[in-house]
Amino acid sequence: MPEDTAQVCVTDFDPADVDYAGWRERFPDLQKQCPVFKSTGQNGYWVAAGYPELTEMMRDWETFSSAKHWEKEGDVPTGGNVVPPVPARAFIPVETDPPKWKKYRFLLNPFFAPKAAKSYTGVVTEVATALIDRVIEKGEVDITRDFTNPLTALSTLRILGINYSEDEWRRWSLPFHQLAYARGTEEFGQCLADLEWIRQQLSAAVDLNWAEQQPGLFGTLCHANTAEGKLSKQELIDIGMMVLVGGVGTTTALFSNTMIYLSQDLEARQRLIDEPELLDKAKEEFVRYFSPINSQARTVTHDTEVCGASMKAGEQVLMALGAANRDERVFPDADTVILDRMPNPHVGFGAGIHRCLGSFLARVFFEVMFREVMTRMPDIMVDEARVRRFPSATSVNGLISVPATFTPGHKVGSGALA
Amino acid sequence: MKVRVNDDRCVGQGMCRLACPEIFELNDEDGHAYVKMTDVPPELEHAVDHAVRSCPEGAIETY
């Protein structure tokens with residue numbers, strides 16, 4: 001790492017508890033002064049904000065662990081992906097380290113590799129079509145509530161092959177969003193209770209699949225053979241939770257943010273319509289620019305020194321992906337969206353062994369959403385004054401409500417969701 | 001110019017294929033990259049350079 005950046009800053013800026021405006025305003029200066037700094041918030045933790053420093057640390061999983069430790073009510077949680085640790089079970093495999101990580105990740109990889117991800121295009125398009133049918137005649141839509149949230153939740157459930165009833169989808173989706181922003185509020189208690197409800201549904205799905213295998217990814221996992229035999233019910237539930245949390249929160253934030261942006265920069269919007277081949281590079285640029293997952297935490301396994309910072313075993317490090325993605329040393333004009341930016345080594349999908357399992361599926365989700373919305377609601381405009389962001393932008397750069405209007409059109413199907 | 005993917009570093013970010021699909025492909029098992037040809041034709045050198053500089057893992061090596 002460069003010697004000239006060896007300088008440790010201590011700040012009361014607490015990125016683990018900060019809103020969108022605070023994140024965007026405070027980070028750039030701190031990042032320039034200190035690519036790795038210490039926050040006095042949350043009883044103290046490290047923040048890696050510089051791109052080269054962050055990528056090197058995230059590659060070093062032996063020093064910077066993802067493992068989460070929490071079994072049951074009353075336990076003190078340690079480790080995991082969030083600062084401070086949440087009293088909930090580990091998401092598998094993202095909150096595990098090798099060798100455990102390898103067992104799960106190798107099992108899951110083929111179902112999320114590029115070819116498999118592409119094969120889900122039809123399912124996602126069906127859900128998108130139905131959701132647009134429900135609003136197309138009204139001429140107004142809440143992009144997050146009526147489109148991106150249900151689309152990602154329902155598509156993910158269909159891919160898993162888990163049954164849901166039409167009026168139930170919000171229960172499958174909302175707690176994962178609240179998990180990202182409702183920390184420390186009254187909502188959080190309800191959120192943990194709803195997560196428990198989802199665990200119970202997954203538990204019932206395991207029983208169903210063990211009795212008779214159902215179509216879909218979850219059924220396949222219930223009968224999969226690993227080097228250590230079949231997965232336990234607990235492992236299957238923890239994996240199901242991870243696929244849901246990954247599928248639901250992230251692409252929602254990406255597409256909602258993109259639509260807000262494309263309601264401001266109409267020139268960019270026209271270019272994407274005129275030059276559809278641009279979308280492949282543009283979607284990576286949107287992932288960089290909006291960084292739907294703003295940060296991921298790691299825990300130091302042994303005393304170490306990074307950029308002059310002496311880190312002690314047990315301390316948490318917030319890997320500020322959103323800040324690294326705006327590091328001017330790597331991304332010229334980092335605060336500008338350049339649709340065909342190249343090179344673009346963004347870390348919007350993380351870095352190192354925990355690279356987002358669903359990254360190829362996220363790209364499919366985004367392509368379908370963009371194509372369906374731009375085809376059926378080409379003049380859609382977000383009413384920015386009524387946009388509501390997550391109160392916390394720490395882990396997910398997410399939206400609660402994104403109202404928009406467009407010229408009404410016609411249904412092409414029944415709009416049925418289940 | 002020749003190019004290879006360092007398998008110890010590649011985690012399947014997929015950016016090399018975006019930068020230069022003529023050379024890089026991603027496998028169906030885990031999305032990790034491989035090269036379809038080792039020798040880089042002169043007209044693709046620029047795109048391969050973009051692939052090198054687009055990999056957050058530093059997994060694309062020219063020699």
# chains A, B, ... in the order shown; residues from 1 in each chain; ligands from 1
>>> select_by_dssp(residues="range 91-270 of chain A", states="alpha helix (DSSP H)", output="PyMOL selection string")
chain A and resi 100-112+114-119+121-133+149-160+169-181+187-211+217-222+233-262+266-270
>>> write_last_selection(atoms="C-alpha atoms", output="short mmCIF file (atom, residue, chain, number, x, y, z; two decimals), in the first residue's frame")
data_model
loop_
_atom_site.label_atom_id
_atom_site.label_comp_id
_atom_site.auth_asym_id
_atom_site.auth_seq_id
_atom_site.Cartn_x
_atom_site.Cartn_y
_atom_site.Cartn_z
CA LYS A 100 -17.46 -23.71 5.79
CA TRP A 101 -17.87 -21.07 3.07
CA LYS A 102 -16.50 -23.40 0.43
CA LYS A 103 -19.01 -26.15 1.18
CA TYR A 104 -21.98 -23.80 0.68
CA ARG A 105 -20.64 -21.53 -2.01
CA PHE A 106 -19.54 -24.34 -4.31
CA LEU A 107 -22.97 -25.91 -3.96
CA LEU A 108 -24.77 -22.66 -4.83
CA ASN A 109 -22.49 -21.25 -7.55
CA PRO A 110 -23.86 -23.22 -10.55
CA PHE A 111 -27.40 -21.98 -9.86
CA PHE A 112 -26.25 -18.36 -10.05
CA PRO A 114 -24.17 -16.52 -15.95
CA LYS A 115 -25.98 -19.26 -17.91
CA ALA A 116 -28.32 -20.18 -15.03
CA ALA A 117 -29.03 -16.51 -14.30
CA LYS A 118 -29.97 -15.93 -17.94
CA SER A 119 -32.37 -18.88 -17.79
CA THR A 121 -35.21 -14.17 -17.70
CA GLY A 122 -38.65 -15.60 -18.57
CA VAL A 123 -39.76 -15.86 -14.93
CA VAL A 124 -38.67 -12.31 -14.15
CA THR A 125 -40.35 -10.97 -17.32
CA GLU A 126 -43.64 -12.67 -16.37
CA VAL A 127 -43.62 -11.03 -12.95
CA ALA A 128 -42.66 -7.65 -14.44
CA THR A 129 -45.47 -7.86 -17.00
CA ALA A 130 -48.06 -8.67 -14.32
CA LEU A 131 -46.89 -5.85 -12.04
CA ILE A 132 -47.00 -3.28 -14.84
CA ASP A 133 -50.47 -4.53 -15.85
CA ASN A 149 -39.91 -4.52 -4.25
CA PRO A 150 -42.54 -7.03 -5.40
CA LEU A 151 -40.66 -7.90 -8.59
CA THR A 152 -37.50 -8.95 -6.80
CA ALA A 153 -39.37 -10.71 -3.97
CA LEU A 154 -41.76 -12.64 -6.20
CA SER A 155 -39.13 -13.53 -8.81
CA THR A 156 -36.79 -14.80 -6.09
CA LEU A 157 -39.57 -16.89 -4.51
CA ARG A 158 -40.44 -18.36 -7.91
CA ILE A 159 -36.79 -19.18 -8.61
CA LEU A 160 -36.58 -20.88 -5.22
CA TRP A 169 -45.72 -10.96 -0.82
CA ARG A 170 -45.13 -7.84 1.29
CA ARG A 171 -44.43 -10.05 4.31
CA TRP A 172 -41.75 -11.84 2.31
CA SER A 173 -40.14 -8.59 1.20
CA LEU A 174 -40.53 -5.80 3.76
CA PRO A 175 -38.53 -7.26 6.69
CA PHE A 176 -35.43 -7.58 4.48
CA HIS A 177 -35.66 -3.90 3.61
CA GLN A 178 -36.31 -2.95 7.25
CA LEU A 179 -33.30 -4.99 8.31
CA ALA A 180 -31.19 -2.52 6.36
CA TYR A 181 -32.62 0.71 7.73
CA GLU A 187 -40.10 -1.02 13.47
CA PHE A 188 -37.06 -3.20 14.11
CA GLY A 189 -38.85 -5.43 16.64
CA GLN A 190 -41.55 -6.14 14.07
CA CYS A 191 -38.86 -6.70 11.46
CA LEU A 192 -37.16 -9.41 13.55
CA ALA A 193 -40.56 -11.02 14.22
CA ASP A 194 -41.35 -11.04 10.49
CA LEU A 195 -37.96 -12.57 9.72
CA GLU A 196 -38.90 -15.32 12.16
CA TRP A 197 -42.16 -15.83 10.24
CA ILE A 198 -40.15 -16.23 7.02
CA ARG A 199 -37.89 -18.77 8.76
CA GLN A 200 -41.00 -20.74 9.72
CA GLN A 201 -42.21 -20.67 6.12
CA LEU A 202 -38.82 -21.91 4.94
CA SER A 203 -38.89 -24.62 7.60
CA ALA A 204 -42.26 -25.79 6.28
CA ALA A 205 -40.84 -25.67 2.73
CA VAL A 206 -37.99 -27.97 3.82
CA ASP A 207 -40.51 -30.47 5.25
CA LEU A 208 -42.56 -30.32 2.06
CA ASN A 209 -39.51 -30.88 -0.12
CA TRP A 210 -38.18 -33.69 2.05
CA ALA A 211 -41.57 -35.44 1.77
CA LEU A 217 -33.90 -24.26 -6.52
CA PHE A 218 -34.95 -24.80 -2.90
CA GLY A 219 -36.15 -28.33 -3.66
CA THR A 220 -32.87 -29.07 -5.41
CA LEU A 221 -30.90 -27.80 -2.39
CA CYS A 222 -33.04 -29.87 0.00
CA LYS A 233 -32.87 -28.03 8.00
CA GLN A 234 -31.09 -25.20 9.81
CA GLU A 235 -28.53 -24.85 7.02
CA LEU A 236 -31.26 -24.86 4.37
CA ILE A 237 -33.19 -22.14 6.19
CA ASP A 238 -30.05 -20.00 6.61
CA ILE A 239 -29.27 -20.40 2.88
CA GLY A 240 -32.87 -19.60 1.91
CA MET A 241 -32.71 -16.45 4.03
CA MET A 242 -29.53 -15.36 2.26
CA VAL A 243 -30.95 -15.90 -1.22
CA LEU A 244 -34.01 -13.88 -0.23
CA VAL A 245 -32.13 -11.01 1.39
CA GLY A 246 -29.73 -10.85 -1.56
CA GLY A 247 -32.45 -11.06 -4.16
CA VAL A 248 -34.79 -8.58 -2.56
CA GLY A 249 -32.92 -5.56 -1.23
CA THR A 250 -30.22 -4.89 -3.73
CA THR A 251 -31.62 -4.76 -7.25
CA THR A 252 -34.58 -2.85 -5.83
CA ALA A 253 -32.23 -0.11 -4.72
CA LEU A 254 -30.32 -0.19 -8.02
CA PHE A 255 -33.31 0.21 -10.29
CA SER A 256 -35.16 2.75 -8.13
CA ASN A 257 -32.05 4.95 -7.95
CA THR A 258 -31.50 4.59 -11.70
CA MET A 259 -35.05 5.73 -12.48
CA ILE A 260 -34.62 8.79 -10.25
CA TYR A 261 -31.42 9.59 -12.14
CA LEU A 262 -32.97 9.05 -15.57
CA LEU A 266 -32.92 13.04 -20.02
CA GLU A 267 -29.98 13.06 -22.40
CA ALA A 268 -28.61 9.89 -20.79
CA ARG A 269 -32.06 8.35 -20.98
CA GLN A 270 -32.37 9.10 -24.70
#
>>> select_by_dssp(residues="range 96-333 of chain A", states="strand (DSSP E or B)", output="list in words")
Glu140, Val141, Asp142, Asn225, Thr226, Gly229, Lys230, Ile293, Gln296, Ala297, Arg298, Thr299, Val300, Thr304, Glu305, Val306, Ala309, Ser310, Met311, Gln316, Val317, Leu318 and Met319 of chain A
>>> write_last_selection(atoms="C-alpha atoms", output="PDB file, in the first residue's frame")
ATOM      1  CA  GLU A 140     -49.044   6.528 -11.872  1.00  0.00           C
ATOM      2  CA  VAL A 141     -46.837   4.079 -10.037  1.00  0.00           C
ATOM      3  CA  ASP A 142     -44.660   3.935  -6.970  1.00  0.00           C
ATOM      4  CA  ASN A 225     -25.352 -34.014  -1.676  1.00  0.00           C
ATOM      5  CA  THR A 226     -22.317 -32.227  -0.266  1.00  0.00           C
ATOM      6  CA  GLY A 229     -23.923 -35.431   3.089  1.00  0.00           C
ATOM      7  CA  LYS A 230     -27.268 -33.656   2.883  1.00  0.00           C
ATOM      8  CA  ILE A 293     -24.824  -2.209  -1.070  1.00  0.00           C
ATOM      9  CA  GLN A 296     -20.052  -4.764   4.258  1.00  0.00           C
ATOM     10  CA  ALA A 297     -18.399  -5.415   7.615  1.00  0.00           C
ATOM     11  CA  ARG A 298     -15.481  -7.680   8.483  1.00  0.00           C
ATOM     12  CA  THR A 299     -13.915  -8.611  11.829  1.00  0.00           C
ATOM     13  CA  VAL A 300     -10.152  -8.580  12.422  1.00  0.00           C
ATOM     14  CA  THR A 304      -2.513  -6.291  12.021  1.00  0.00           C
ATOM     15  CA  GLU A 305      -1.452  -2.988  10.538  1.00  0.00           C
ATOM     16  CA  VAL A 306      -3.025  -1.376   7.475  1.00  0.00           C
ATOM     17  CA  ALA A 309      -3.612   1.799  11.436  1.00  0.00           C
ATOM     18  CA  SER A 310      -3.018  -0.757  14.185  1.00  0.00           C
ATOM     19  CA  MET A 311      -6.042  -3.015  14.162  1.00  0.00           C
ATOM     20  CA  GLN A 316     -14.835  -4.528  13.235  1.00  0.00           C
ATOM     21  CA  VAL A 317     -13.973  -2.917   9.897  1.00  0.00           C
ATOM     22  CA  LEU A 318     -16.650  -1.347   7.736  1.00  0.00           C
ATOM     23  CA  MET A 319     -15.712  -1.910   4.104  1.00  0.00           C
TER      24      MET A 319
END
>>> interface_residues(of="chain B", to="chain A", cutoff="10 Å", atoms="only C-alpha atoms", output="list in words")
Arg9, Cys10, Val11, Gly12, Gln13, Gly14, Met15, Cys16, Leu18, Ala19, Leu26, Asn27, Asp28, Glu29, Asp30, Gly31, His32, Ala47, Asp49, His50, Ala51, Val52, Arg53, Ser54, Cys55, Pro56, Glu57 and Gly58 of chain B
